[in-house]
$ cat input.txt   # compact mmCIF, C-alpha atoms
# COMPACT_ATOMS: atom_id res chain seq x y z
CA MET O 951 0.00 0.00 0.00
CA LYS O 952 1.45 3.31 -1.08
CA SER O 953 0.66 6.90 -0.32
CA GLY O 954 2.31 10.00 -1.66
CA THR O 955 4.26 10.49 1.51
CA GLY O 956 4.72 7.08 3.10
CA ILE O 957 4.83 3.45 2.01
CA VAL O 958 3.61 0.37 3.87
CA LYS O 959 3.97 -3.09 2.32
CA ARG O 960 3.73 -6.71 3.34
CA VAL O 961 6.85 -8.79 2.83
CA ASP O 962 4.89 -11.78 1.50
CA ARG O 963 3.47 -9.76 -1.38
CA ILE O 964 6.82 -8.77 -2.86
CA ALA O 965 8.39 -10.91 -5.59
CA LEU O 966 11.39 -13.08 -4.72
CA ASN O 967 14.13 -13.49 -7.32
CA LYS O 968 16.74 -16.23 -7.58
CA VAL O 969 20.24 -15.13 -6.54
CA ALA O 970 22.53 -16.41 -9.30
CA ALA O 971 25.66 -16.71 -7.14
CA GLY O 972 23.86 -18.64 -4.35
CA GLN O 973 22.45 -22.12 -3.83
CA ALA O 974 18.73 -22.33 -3.06
CA THR O 975 18.80 -18.59 -2.41
CA GLU O 976 16.24 -15.96 -3.32
CA SER O 977 16.03 -12.27 -2.48
CA GLN O 978 13.51 -9.46 -2.66
CA GLU O 979 13.88 -5.71 -2.45
CA LEU O 980 11.65 -4.42 0.36
CA ILE O 981 12.54 -0.73 0.18
CA GLY O 982 14.79 0.81 -2.45
CA ALA O 983 15.45 3.69 -4.78
CA ALA O 984 12.18 2.89 -6.62
CA ASP O 985 10.34 3.84 -3.40
CA GLY O 986 12.24 7.10 -3.19
CA ALA O 987 14.64 5.85 -0.50
CA PRO O 988 17.56 8.25 -0.85
CA HIS O 989 20.43 6.57 1.02
CA PHE O 990 20.12 2.80 1.45
CA ALA O 991 18.03 -0.24 0.51
CA MET O 992 16.37 -2.99 2.57
CA ARG O 993 16.37 -6.46 1.07
CA ARG O 994 15.32 -9.86 2.46
CA PHE O 995 17.14 -13.08 1.62
CA VAL O 996 15.54 -16.53 1.91
CA MET O 997 17.78 -19.60 1.77
CA GLY O 998 16.36 -23.13 1.54
CA LYS O 999 17.71 -26.52 2.64
CA GLY O 1000 21.30 -26.99 1.51
CA GLY O 1001 21.40 -23.34 0.55
CA GLY O 1002 23.94 -20.62 1.00
CA MET O 1003 26.41 -18.38 -0.74
CA PRO O 1004 30.05 -19.25 -1.43
CA ARG O 1005 32.88 -17.04 -0.19
CA HIS O 1006 32.71 -13.65 -1.88
CA THR O 1007 33.24 -9.95 -1.39
CA ASN O 1008 30.95 -7.02 -2.06
CA ALA O 1009 31.89 -3.43 -2.85
CA VAL O 1010 29.39 -2.25 -0.21
CA GLU O 1011 28.88 -3.04 3.47
CA HIS O 1012 26.02 -5.21 4.80
CA GLU O 1013 23.91 -4.58 7.89
CA GLN O 1014 21.88 -7.72 8.55
CA TYR O 1015 19.23 -8.99 10.97
CA VAL O 1016 18.37 -12.70 11.17
CA LEU O 1017 14.62 -13.34 11.13
CA ARG O 1018 14.33 -17.15 10.99
CA GLY O 1019 16.32 -20.39 10.74
CA ARG O 1020 20.01 -20.95 11.35
CA ALA O 1021 23.22 -20.62 9.36
CA ARG O 1022 26.97 -20.71 9.65
CA ILE O 1023 28.40 -17.40 8.47
CA THR O 1024 32.11 -16.99 7.85
CA ILE O 1025 33.45 -13.43 7.87
CA ALA O 1026 37.15 -13.21 6.97
CA ASP O 1027 38.53 -16.10 9.10
CA LYS O 1028 35.85 -16.10 11.84
CA VAL O 1029 32.93 -18.54 11.89
CA PHE O 1030 29.63 -17.57 13.53
CA GLU O 1031 26.50 -19.68 14.12
CA VAL O 1032 23.53 -17.32 13.79
CA SER O 1033 19.79 -17.52 14.41
CA GLU O 1034 16.80 -15.22 15.00
CA GLY O 1035 17.89 -12.06 16.79
CA ASN O 1036 21.47 -12.03 15.56
CA VAL O 1037 22.78 -8.81 14.09
CA VAL O 1038 25.61 -8.96 11.55
CA PHE O 1039 27.83 -6.21 10.18
CA ILE O 1040 30.07 -7.07 7.23
CA PRO O 1041 32.27 -4.16 6.09
CA ALA O 1042 32.79 -3.57 2.36
CA GLY O 1043 35.43 -5.79 0.81
CA VAL O 1044 35.55 -8.41 3.59
CA PRO O 1045 35.21 -12.04 2.37
CA HIS O 1046 32.12 -13.82 3.70
CA SER O 1047 29.97 -16.88 3.08
CA TYR O 1048 26.69 -18.44 4.24
CA GLU O 1049 25.82 -22.11 4.86
CA VAL O 1050 22.27 -22.93 5.95
CA THR O 1051 22.04 -25.29 8.94
CA GLU O 1052 18.28 -24.93 9.57
CA ALA O 1053 16.04 -23.97 6.64
CA PRO O 1054 14.47 -21.71 5.78
CA PHE O 1055 17.14 -19.21 6.77
CA GLU O 1056 15.80 -15.67 6.39
CA PHE O 1057 17.53 -12.37 7.02
CA LEU O 1058 17.28 -8.70 6.21
CA CYS O 1059 20.29 -7.18 4.46
CA MET O 1060 20.62 -3.42 4.18
CA VAL O 1061 23.08 -1.86 1.74
CA PRO O 1062 23.87 1.74 0.76
CA ASN O 1063 22.66 3.14 -2.57
CA LYS O 1064 26.05 2.64 -4.17
CA GLU O 1065 27.08 0.38 -7.01
CA ASP O 1066 27.79 -3.12 -5.72
CA ARG O 1067 30.15 -5.64 -7.26
CA VAL O 1068 30.11 -9.30 -6.16
CA GLU O 1069 33.42 -11.11 -6.52
CA LEU O 1070 33.47 -14.88 -5.94
CA LEU O 1071 36.74 -15.97 -4.34
CA ASP O 1072 37.00 -19.73 -4.75
CA GLY O 1073 36.53 -20.20 -8.49
CA CYS O 1074 34.03 -22.61 -9.98
CA GLY O 1075 35.85 -25.89 -9.26
CA MET W 387 31.08 -10.93 19.52
CA LYS W 388 33.43 -8.77 17.50
CA SER W 389 36.26 -9.43 15.10
CA GLY W 390 38.48 -6.92 13.41
CA THR W 391 36.62 -7.29 10.17
CA GLY W 392 33.07 -8.30 11.00
CA ILE W 393 30.68 -7.96 13.93
CA VAL W 394 28.04 -10.43 15.13
CA LYS W 395 25.84 -9.58 18.12
CA ARG W 396 22.69 -10.84 19.79
CA VAL W 397 19.87 -8.35 20.06
CA ASP W 398 19.03 -9.40 23.65
CA ARG W 399 22.51 -8.47 24.89
CA ILE W 400 22.36 -4.84 23.81
CA ALA W 401 21.16 -2.18 26.25
CA LEU W 402 17.72 -0.65 25.74
CA ASN W 403 17.26 3.06 26.52
CA LYS W 404 14.07 4.95 27.26
CA VAL W 405 12.86 7.15 24.40
CA ALA W 406 11.99 10.47 26.01
CA ALA W 407 9.42 11.54 23.42
CA GLY W 408 7.54 8.21 23.54
CA GLN W 409 5.25 6.38 25.96
CA ALA W 410 6.45 2.97 27.21
CA THR W 411 9.04 3.06 24.42
CA GLU W 412 12.66 1.93 24.49
CA SER W 413 15.25 1.68 21.75
CA GLN W 414 18.67 0.16 21.22
CA GLU W 415 21.32 0.76 18.59
CA LEU W 416 22.13 -2.56 16.92
CA ILE W 417 24.68 -1.31 14.37
CA GLY W 418 25.99 2.24 14.18
CA ALA W 419 28.93 4.51 13.66
CA ALA W 420 30.60 3.01 16.78
CA ASP W 421 30.79 -0.28 14.87
CA GLY W 422 32.37 1.43 11.88
CA ALA W 423 29.14 1.48 9.87
CA PRO W 424 29.82 4.24 7.36
CA HIS W 425 26.41 5.13 5.93
CA PHE W 426 23.42 4.20 8.10
CA ALA W 427 22.41 2.79 11.49
CA MET W 428 20.14 -0.08 12.55
CA ARG W 429 18.07 0.44 15.69
CA ARG W 430 15.30 -1.64 17.31
CA PHE W 431 12.35 -0.08 19.09
CA VAL W 432 10.28 -1.90 21.72
CA MET W 433 6.92 -0.44 22.75
CA GLY W 434 4.92 -1.81 25.67
CA LYS W 435 1.19 -1.83 26.46
CA GLY W 436 -0.31 1.61 25.97
CA GLY W 437 2.89 2.71 24.29
CA GLY W 438 3.63 4.73 21.22
CA MET W 439 5.02 7.99 19.92
CA PRO W 440 2.97 11.14 19.34
CA ARG W 441 2.86 12.84 15.94
CA HIS W 442 6.30 14.14 15.02
CA THR W 443 8.71 14.68 12.19
CA ASN W 444 12.33 13.63 11.81
CA ALA W 445 15.03 15.28 9.73
CA VAL W 446 15.95 11.84 8.32
CA GLU W 447 13.99 9.09 6.61
CA HIS W 448 13.04 5.79 8.31
CA GLU W 449 13.16 2.31 6.80
CA GLN W 450 11.36 -0.04 9.18
CA TYR W 451 10.55 -3.73 9.51
CA VAL W 452 7.96 -4.96 12.03
CA LEU W 453 9.20 -7.93 14.07
CA ARG W 454 6.43 -8.52 16.62
CA GLY W 455 3.11 -7.19 17.94
CA ARG W 456 0.72 -4.76 16.30
CA ALA W 457 0.39 -1.01 16.03
CA ARG W 458 -1.53 1.73 14.28
CA ILE W 459 0.89 3.96 12.39
CA THR W 460 -0.23 7.26 10.95
CA ILE W 461 1.92 8.72 8.17
CA ALA W 462 0.81 12.17 7.02
CA ASP W 463 -2.99 11.61 6.81
CA LYS W 464 -2.97 7.83 6.19
CA VAL W 465 -3.53 5.24 8.91
CA PHE W 466 -1.98 1.77 8.65
CA GLU W 467 -2.45 -1.28 10.91
CA VAL W 468 0.88 -3.10 10.94
CA SER W 469 2.17 -6.42 12.27
CA GLU W 470 5.08 -8.84 11.75
CA GLY W 471 6.26 -8.75 8.15
CA ASN W 472 5.18 -5.20 7.40
CA VAL W 473 7.72 -2.89 5.82
CA VAL W 474 7.38 0.86 6.37
CA PHE W 475 9.10 3.74 4.61
CA ILE W 476 8.69 7.22 6.11
CA PRO W 477 10.44 9.95 4.12
CA ALA W 478 12.27 12.73 5.98
CA GLY W 479 10.00 15.48 7.22
CA VAL W 480 6.72 13.57 6.98
CA PRO W 481 4.57 13.64 10.16
CA HIS W 482 4.03 10.21 11.70
CA SER W 483 2.90 8.57 14.96
CA TYR W 484 2.68 5.11 16.56
CA GLU W 485 -0.03 3.64 18.79
CA VAL W 486 0.47 0.11 20.11
CA THR W 487 -2.54 -2.19 19.69
CA GLU W 488 -0.80 -5.46 20.66
CA ALA W 489 2.24 -5.29 22.96
CA PRO W 490 5.09 -5.73 22.83
CA PHE W 491 5.37 -3.97 19.47
CA GLU W 492 8.90 -4.36 18.11
CA PHE W 493 10.39 -3.02 14.91
CA LEU W 494 13.71 -2.29 13.30
CA CYS W 495 14.27 1.32 12.22
CA MET W 496 17.17 2.17 9.93
CA VAL W 497 18.31 5.78 9.52
CA PRO W 498 21.16 7.42 7.59
CA ASN W 499 24.24 8.68 9.45
CA LYS W 500 22.98 12.25 9.35
CA GLU W 501 21.98 14.55 12.16
CA ASP W 502 18.38 13.89 13.17
CA ARG W 503 16.00 16.39 14.71
CA VAL W 504 12.72 15.27 16.28
CA GLU W 505 9.95 17.83 16.19
CA LEU W 506 6.76 17.10 18.13
CA LEU W 507 3.73 18.51 16.33
CA ASP W 508 0.85 18.55 18.79
CA GLY W 509 2.31 20.45 21.71
CA CYS W 510 2.25 19.15 25.26
CA GLY W 511 -1.45 19.70 26.04

$ encode --input "input.txt" --output "structure tokens"
Amino acid sequence: MKSGTGIVKRVDRIALNKVAAGQATESQELIGAADGAPHFAMRRFVMGKGGGMPRHTNAVEHEQYVLRGRARITIADKVFEVSEGNVVFIPAGVPHSYEVTEAPFEFLCMVPNKEDRVELLDGCG
Amino acid sequence: MKSGTGIVKRVDRIALNKVAAGQATESQELIGAADGAPHFAMRRFVMGKGGGMPRHTNAVEHEQYVLRGRARITIADKVFEVSEGNVVFIPAGVPHSYEVTEAPFEFLCMVPNKEDRVELLDGCG
């Protein structure tokens, strides 16, 4: 639902799109530049059984909040087991990966309105 | 838990502070400039029974995600009933208010790293 001066939506009515670099991973943009958001975007990621993202870097930082499920997140050389109520900050350029341990694993991921570039670090082997 | 290159925290281990302009309202900073976040901050608000915030404006926009409970949010002249899974965008300068209808009402509220200014609109009467 949209007004000229404020926007309220339901997360389950927004399209999810497959994330090419992930396994069993989809994402949706909840609030973004198309809504008139001037500085940063809110996205939600949903990862299914066996899902995750291989080790990669982004050109932008991530501020994340875990909503549901469990995963093992590696940031640089540290491994974290996360679940609902975990907050995660990944600075720009720091290698990180996700491995679902209890599906579905769902989290919000906020990023600034800057051009991102995903670089996979472990090849395709 | 903090590493030199990434930060993982649990929301229930971060101090909550009373919000002076609200009723039965507390907030906590989950990720902010103190963590090295360069562009925007993630906060969580918790409103108890009878809680809320009167009509006000902020100098910065809000990107919000409802985690728990229910509330009536007024943005400009539109009234929205929100609950878990609602996404709310309130542009800078737009009058808005919160009235809890099912406590606790909990939501994330992301704001840019810019100086905010809260202006109450209905006086103290």

$ closest_residue --input "input.txt" --among "O:Arg1020, O:His989, O:Arg1067, O:Arg963" --to "chain W" --atoms "only C-alpha atoms"
O:His989

$ calpha_fit_and_write --input "input.txt" --fixed "chain O" --moving "chain W" --output "PDB file with C-alpha atoms, in the coordinates of the input"
ATOM      1  CA  MET W 387      -0.061  -0.034  -0.029  1.00  0.00           C
ATOM      2  CA  LYS W 388       1.415   3.291  -1.047  1.00  0.00           C
ATOM      3  CA  SER W 389       0.641   6.899  -0.279  1.00  0.00           C
ATOM      4  CA  GLY W 390       2.306   9.959  -1.674  1.00  0.00           C
ATOM      5  CA  THR W 391       4.265  10.471   1.487  1.00  0.00           C
ATOM      6  CA  GLY W 392       4.746   7.080   3.094  1.00  0.00           C
ATOM      7  CA  ILE W 393       4.841   3.450   1.986  1.00  0.00           C
ATOM      8  CA  VAL W 394       3.610   0.370   3.860  1.00  0.00           C
ATOM      9  CA  LYS W 395       3.989  -3.090   2.316  1.00  0.00           C
ATOM     10  CA  ARG W 396       3.730  -6.717   3.352  1.00  0.00           C
ATOM     11  CA  VAL W 397       6.841  -8.791   2.851  1.00  0.00           C
ATOM     12  CA  ASP W 398       4.862 -11.783   1.500  1.00  0.00           C
ATOM     13  CA  ARG W 399       3.459  -9.734  -1.390  1.00  0.00           C
ATOM     14  CA  ILE W 400       6.817  -8.765  -2.857  1.00  0.00           C
ATOM     15  CA  ALA W 401       8.383 -10.899  -5.588  1.00  0.00           C
ATOM     16  CA  LEU W 402      11.367 -13.084  -4.716  1.00  0.00           C
ATOM     17  CA  ASN W 403      14.127 -13.495  -7.323  1.00  0.00           C
ATOM     18  CA  LYS W 404      16.738 -16.216  -7.603  1.00  0.00           C
ATOM     19  CA  VAL W 405      20.235 -15.137  -6.559  1.00  0.00           C
ATOM     20  CA  ALA W 406      22.522 -16.426  -9.294  1.00  0.00           C
ATOM     21  CA  ALA W 407      25.645 -16.702  -7.144  1.00  0.00           C
ATOM     22  CA  GLY W 408      23.863 -18.622  -4.356  1.00  0.00           C
ATOM     23  CA  GLN W 409      22.445 -22.110  -3.831  1.00  0.00           C
ATOM     24  CA  ALA W 410      18.705 -22.341  -3.064  1.00  0.00           C
ATOM     25  CA  THR W 411      18.792 -18.593  -2.400  1.00  0.00           C
ATOM     26  CA  GLU W 412      16.227 -15.950  -3.307  1.00  0.00           C
ATOM     27  CA  SER W 413      16.028 -12.272  -2.466  1.00  0.00           C
ATOM     28  CA  GLN W 414      13.510  -9.459  -2.652  1.00  0.00           C
ATOM     29  CA  GLU W 415      13.898  -5.704  -2.434  1.00  0.00           C
ATOM     30  CA  LEU W 416      11.664  -4.425   0.367  1.00  0.00           C
ATOM     31  CA  ILE W 417      12.569  -0.722   0.174  1.00  0.00           C
ATOM     32  CA  GLY W 418      14.813   0.823  -2.459  1.00  0.00           C
ATOM     33  CA  ALA W 419      15.458   3.694  -4.785  1.00  0.00           C
ATOM     34  CA  ALA W 420      12.183   2.893  -6.631  1.00  0.00           C
ATOM     35  CA  ASP W 421      10.360   3.841  -3.424  1.00  0.00           C
ATOM     36  CA  GLY W 422      12.255   7.114  -3.194  1.00  0.00           C
ATOM     37  CA  ALA W 423      14.638   5.849  -0.511  1.00  0.00           C
ATOM     38  CA  PRO W 424      17.555   8.246  -0.857  1.00  0.00           C
ATOM     39  CA  HIS W 425      20.424   6.579   1.003  1.00  0.00           C
ATOM     40  CA  PHE W 426      20.133   2.806   1.438  1.00  0.00           C
ATOM     41  CA  ALA W 427      18.037  -0.237   0.514  1.00  0.00           C
ATOM     42  CA  MET W 428      16.386  -2.988   2.567  1.00  0.00           C
ATOM     43  CA  ARG W 429      16.385  -6.478   1.072  1.00  0.00           C
ATOM     44  CA  ARG W 430      15.336  -9.873   2.484  1.00  0.00           C
ATOM     45  CA  PHE W 431      17.132 -13.088   1.620  1.00  0.00           C
ATOM     46  CA  VAL W 432      15.530 -16.533   1.906  1.00  0.00           C
ATOM     47  CA  MET W 433      17.759 -19.614   1.774  1.00  0.00           C
ATOM     48  CA  GLY W 434      16.350 -23.132   1.561  1.00  0.00           C
ATOM     49  CA  LYS W 435      17.700 -26.524   2.660  1.00  0.00           C
ATOM     50  CA  GLY W 436      21.273 -26.991   1.504  1.00  0.00           C
ATOM     51  CA  GLY W 437      21.389 -23.337   0.551  1.00  0.00           C
ATOM     52  CA  GLY W 438      23.944 -20.632   1.004  1.00  0.00           C
ATOM     53  CA  MET W 439      26.405 -18.372  -0.753  1.00  0.00           C
ATOM     54  CA  PRO W 440      30.043 -19.245  -1.434  1.00  0.00           C
ATOM     55  CA  ARG W 441      32.880 -17.035  -0.200  1.00  0.00           C
ATOM     56  CA  HIS W 442      32.715 -13.641  -1.880  1.00  0.00           C
ATOM     57  CA  THR W 443      33.252  -9.955  -1.390  1.00  0.00           C
ATOM     58  CA  ASN W 444      30.943  -7.026  -2.051  1.00  0.00           C
ATOM     59  CA  ALA W 445      31.887  -3.450  -2.865  1.00  0.00           C
ATOM     60  CA  VAL W 446      29.398  -2.260  -0.208  1.00  0.00           C
ATOM     61  CA  GLU W 447      28.892  -3.046   3.460  1.00  0.00           C
ATOM     62  CA  HIS W 448      26.027  -5.216   4.789  1.00  0.00           C
ATOM     63  CA  GLU W 449      23.916  -4.591   7.881  1.00  0.00           C
ATOM     64  CA  GLN W 450      21.886  -7.732   8.542  1.00  0.00           C
ATOM     65  CA  TYR W 451      19.244  -8.992  10.953  1.00  0.00           C
ATOM     66  CA  VAL W 452      18.386 -12.705  11.171  1.00  0.00           C
ATOM     67  CA  LEU W 453      14.629 -13.343  11.129  1.00  0.00           C
ATOM     68  CA  ARG W 454      14.339 -17.141  11.009  1.00  0.00           C
ATOM     69  CA  GLY W 455      16.323 -20.385  10.750  1.00  0.00           C
ATOM     70  CA  ARG W 456      20.013 -20.952  11.357  1.00  0.00           C
ATOM     71  CA  ALA W 457      23.198 -20.609   9.360  1.00  0.00           C
ATOM     72  CA  ARG W 458      26.961 -20.706   9.646  1.00  0.00           C
ATOM     73  CA  ILE W 459      28.403 -17.399   8.470  1.00  0.00           C
ATOM     74  CA  THR W 460      32.103 -17.000   7.861  1.00  0.00           C
ATOM     75  CA  ILE W 461      33.453 -13.442   7.862  1.00  0.00           C
ATOM     76  CA  ALA W 462      37.140 -13.197   6.965  1.00  0.00           C
ATOM     77  CA  ASP W 463      38.533 -16.088   9.086  1.00  0.00           C
ATOM     78  CA  LYS W 464      35.851 -16.126  11.821  1.00  0.00           C
ATOM     79  CA  VAL W 465      32.920 -18.540  11.872  1.00  0.00           C
ATOM     80  CA  PHE W 466      29.624 -17.574  13.519  1.00  0.00           C
ATOM     81  CA  GLU W 467      26.493 -19.687  14.119  1.00  0.00           C
ATOM     82  CA  VAL W 468      23.541 -17.325  13.789  1.00  0.00           C
ATOM     83  CA  SER W 469      19.795 -17.526  14.409  1.00  0.00           C
ATOM     84  CA  GLU W 470      16.806 -15.220  14.993  1.00  0.00           C
ATOM     85  CA  GLY W 471      17.887 -12.068  16.797  1.00  0.00           C
ATOM     86  CA  ASN W 472      21.466 -12.035  15.563  1.00  0.00           C
ATOM     87  CA  VAL W 473      22.782  -8.817  14.081  1.00  0.00           C
ATOM     88  CA  VAL W 474      25.617  -8.989  11.549  1.00  0.00           C
ATOM     89  CA  PHE W 475      27.829  -6.232  10.187  1.00  0.00           C
ATOM     90  CA  ILE W 476      30.077  -7.076   7.227  1.00  0.00           C
ATOM     91  CA  PRO W 477      32.258  -4.170   6.096  1.00  0.00           C
ATOM     92  CA  ALA W 478      32.782  -3.575   2.367  1.00  0.00           C
ATOM     93  CA  GLY W 479      35.425  -5.790   0.830  1.00  0.00           C
ATOM     94  CA  VAL W 480      35.543  -8.413   3.581  1.00  0.00           C
ATOM     95  CA  PRO W 481      35.211 -12.042   2.372  1.00  0.00           C
ATOM     96  CA  HIS W 482      32.126 -13.809   3.710  1.00  0.00           C
ATOM     97  CA  SER W 483      29.963 -16.891   3.065  1.00  0.00           C
ATOM     98  CA  TYR W 484      26.683 -18.449   4.245  1.00  0.00           C
ATOM     99  CA  GLU W 485      25.818 -22.104   4.853  1.00  0.00           C
ATOM    100  CA  VAL W 486      22.274 -22.938   5.950  1.00  0.00           C
ATOM    101  CA  THR W 487      22.043 -25.285   8.944  1.00  0.00           C
ATOM    102  CA  GLU W 488      18.285 -24.908   9.576  1.00  0.00           C
ATOM    103  CA  ALA W 489      16.036 -23.944   6.648  1.00  0.00           C
ATOM    104  CA  PRO W 490      14.446 -21.697   5.778  1.00  0.00           C
ATOM    105  CA  PHE W 491      17.135 -19.201   6.780  1.00  0.00           C
ATOM    106  CA  GLU W 492      15.803 -15.660   6.395  1.00  0.00           C
ATOM    107  CA  PHE W 493      17.542 -12.370   7.031  1.00  0.00           C
ATOM    108  CA  LEU W 494      17.285  -8.708   6.209  1.00  0.00           C
ATOM    109  CA  CYS W 495      20.303  -7.189   4.448  1.00  0.00           C
ATOM    110  CA  MET W 496      20.624  -3.421   4.180  1.00  0.00           C
ATOM    111  CA  VAL W 497      23.088  -1.864   1.729  1.00  0.00           C
ATOM    112  CA  PRO W 498      23.891   1.734   0.758  1.00  0.00           C
ATOM    113  CA  ASN W 499      22.661   3.126  -2.571  1.00  0.00           C
ATOM    114  CA  LYS W 500      26.058   2.620  -4.168  1.00  0.00           C
ATOM    115  CA  GLU W 501      27.093   0.371  -7.006  1.00  0.00           C
ATOM    116  CA  ASP W 502      27.791  -3.129  -5.712  1.00  0.00           C
ATOM    117  CA  ARG W 503      30.161  -5.644  -7.245  1.00  0.00           C
ATOM    118  CA  VAL W 504      30.114  -9.294  -6.173  1.00  0.00           C
ATOM    119  CA  GLU W 505      33.411 -11.098  -6.501  1.00  0.00           C
ATOM    120  CA  LEU W 506      33.467 -14.862  -5.953  1.00  0.00           C
ATOM    121  CA  LEU W 507      36.725 -15.945  -4.334  1.00  0.00           C
ATOM    122  CA  ASP W 508      37.014 -19.700  -4.736  1.00  0.00           C
ATOM    123  CA  GLY W 509      36.566 -20.149  -8.460  1.00  0.00           C
ATOM    124  CA  CYS W 510      34.052 -22.538  -9.967  1.00  0.00           C
ATOM    125  CA  GLY W 511      35.836 -25.835  -9.226  1.00  0.00           C
TER     126      GLY W 511
END

$ residues_around --input "input.txt" --residues "O:Glu1011" --least-positions-apart "3" --cutoff "8 Å" --atoms "only C-alpha atoms" --output "list in words"
Asn1008, Phe1039, Ile1040, Pro1041, Ala1042, Gly1043, Val1061 and Pro1062 of chain O; Ala423 of chain W

$ residues_around --input "input.txt" --residues "W:Tyr451" --least-positions-apart "6" --cutoff "6 Å" --atoms "only C-alpha atoms" --output "NGL selection string"
:W and (472-473 or 493-494)

$ write_last_selection --input "input.txt" --atoms "C-alpha atoms" --output "mmCIF file, in the frame of the given file"
data_model
loop_
_atom_site.group_PDB
_atom_site.id
_atom_site.type_symbol
_atom_site.label_atom_id
_atom_site.label_comp_id
_atom_site.auth_asym_id
_atom_site.auth_seq_id
_atom_site.Cartn_x
_atom_site.Cartn_y
_atom_site.Cartn_z
ATOM 1 C CA ASN W 472 5.180 -5.200 7.400
ATOM 2 C CA VAL W 473 7.720 -2.890 5.820
ATOM 3 C CA PHE W 493 10.390 -3.020 14.910
ATOM 4 C CA LEU W 494 13.710 -2.290 13.300
#

$ interface_residues --input "input.txt" --of "chain O" --to "chain W" --cutoff "8 Å" --atoms "only C-alpha atoms" --output "ChimeraX atom specification"
/O:953,955-962,980-981,987,989-990,992,1011,1013,1025-1026,1028,1030,1035-1041,1044,1062

$ residues_around --input "input.txt" --residues "W:Glu485" --least-positions-apart "3" --cutoff "8 Å" --atoms "all atoms listed in the file" --output "list in words"
Gly436, Gly437, Gly438, Met439, Ala457, Arg458 and Ile459 of chain W
